[in-house]
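All remarks here apply to the structure that follows.
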Amino acid sequence: MVDHPDPDRGTVHTPGEIAQQPEMWRQTARLVRDRAPALKRFLEAAGLYSDEIPSRILLTGAGTSHCVGLSVVDLLRRRFDTPCESRLTTRITPNPDLFFREGGATLMVHFARSGNSPESRAVLEGGWNAWARRDGTW
């Protein structure tokens with residue numbers, strides 16, 4: 001299928017996307033491993049290693065990117081002993097205030113293939129604006 005794409009069968013892009021996944025996951029694992037100290041500092045600043053700063057993790061994505069969040073939500077909840085949920089970007093974008101509550105920090109992790117789709121930008125902007133309204137730092 002990769003060598004013989006057929007638009008009628010929907011095999012123009014999907015086989016290549018699937019075939020590249022193992023290498024992409026290896027590259028991602030290397031990046032995370034190489035940047036582990038900086039990532040830990042970031043997570044500490046977000047309150048995930050602190051008893052003083054109550055925090056929660058909000059995972060977002062659309063389509064298969066949402067599935068990535070669903071696949072790690074329980075792992076993160078257990079690892080950081082903090083509330084963690086995975087939500088579709090289409091649920092957050094129209095009502096971001098429902099997902100960014102007062103009384104603690106929210107670390108939003110957005111999964112996306114490209115990261116710059118209209119949905120990605122909208123959910124990140126909506127989250128930022130909801131936080132700014134809540135925090136009073138327009």
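Each chain in the structure tokens gets a letter, A, B and so on, in the order shown; residues start at 1 in every chain, and ligands are counted from 1 in the order they appear.
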
Query raised in the report: Which polymer residues have any atom within 9 Å of an atom of range 73-86 of chain A, counting only C-alpha atoms, with same-chain residues fewer than 3 positions away left out, as a PyMOL selection string?
Result: chain A and resi 48-49+54-61+66-70

Would you write out those residues with C-alpha atoms, as a short mmCIF file (atom, residue, chain, number, x, y, z; two decimals), in the first residue's frame?
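Once written, part34.cif looks like this:
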```cif
data_model
loop_
_atom_site.label_atom_id
_atom_site.label_comp_id
_atom_site.auth_asym_id
_atom_site.auth_seq_id
_atom_site.Cartn_x
_atom_site.Cartn_y
_atom_site.Cartn_z
CA LEU A 48 3.63 18.50 39.98
CA TYR A 49 6.31 17.66 42.55
CA PRO A 54 -2.31 21.95 44.10
CA SER A 55 -2.31 21.21 40.42
CA ARG A 56 -4.02 19.12 37.83
CA ILE A 57 -3.13 17.87 34.38
CA LEU A 58 -5.41 18.43 31.39
CA LEU A 59 -4.53 16.44 28.27
CA THR A 60 -6.07 17.61 25.00
CA GLY A 61 -6.15 16.48 21.41
CA HIS A 66 -6.91 12.53 21.82
CA CYS A 67 -6.27 8.77 21.92
CA VAL A 68 -2.67 9.52 22.93
CA GLY A 69 -3.98 11.45 25.93
CA LEU A 70 -6.36 8.64 26.81
#
```

Query - Every residue of range 90-124 of chain A that DSSP places in strand (DSSP E), as a PyMOL selection string - result: chain A and resi 105-110

Query - Of the listed residues A:Thr11, A:Thr89, A:Ser71, A:Gln27, that which approaches Glu125 in chain A most closely, counting only C-alpha atoms - result: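 With only C-alpha atoms as the atom set, the closest residue is A:Thr89.
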
Requested in this report: Output as a PyMOL selection string all residues of chain A that backbone DSSP marks as alpha helix (DSSP H).
Outcome: chain A and resi 14-34+36-45+64-80+89-92+118-135

Query - Given only C-alpha atoms as the counted atoms, nearest of A:Val123, A:Ala19, A:Ala62, A:Ala29 to Met108 in chain A - result: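 Of A:Val123, A:Ala19, A:Ala62, A:Ala29, the one nearest Met108 in chain A, counting only C-alpha atoms, is A:Val123.
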
Query raised in the report: Quick one, how far is CA of Arg113 in chain A from CA of Gln21 in chain A?
Result: 11.3 Å

Requested in this report: Grab the CA of Lys40 in chain A to CA of Val109 in chain A distance for me, in Å with one decimal place.
Outcome: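 These atoms are spaced 14.6 Å apart.
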
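You will find CA of Ser120 in chain A at 10.7 Å from CA of Leu88 in chain A.
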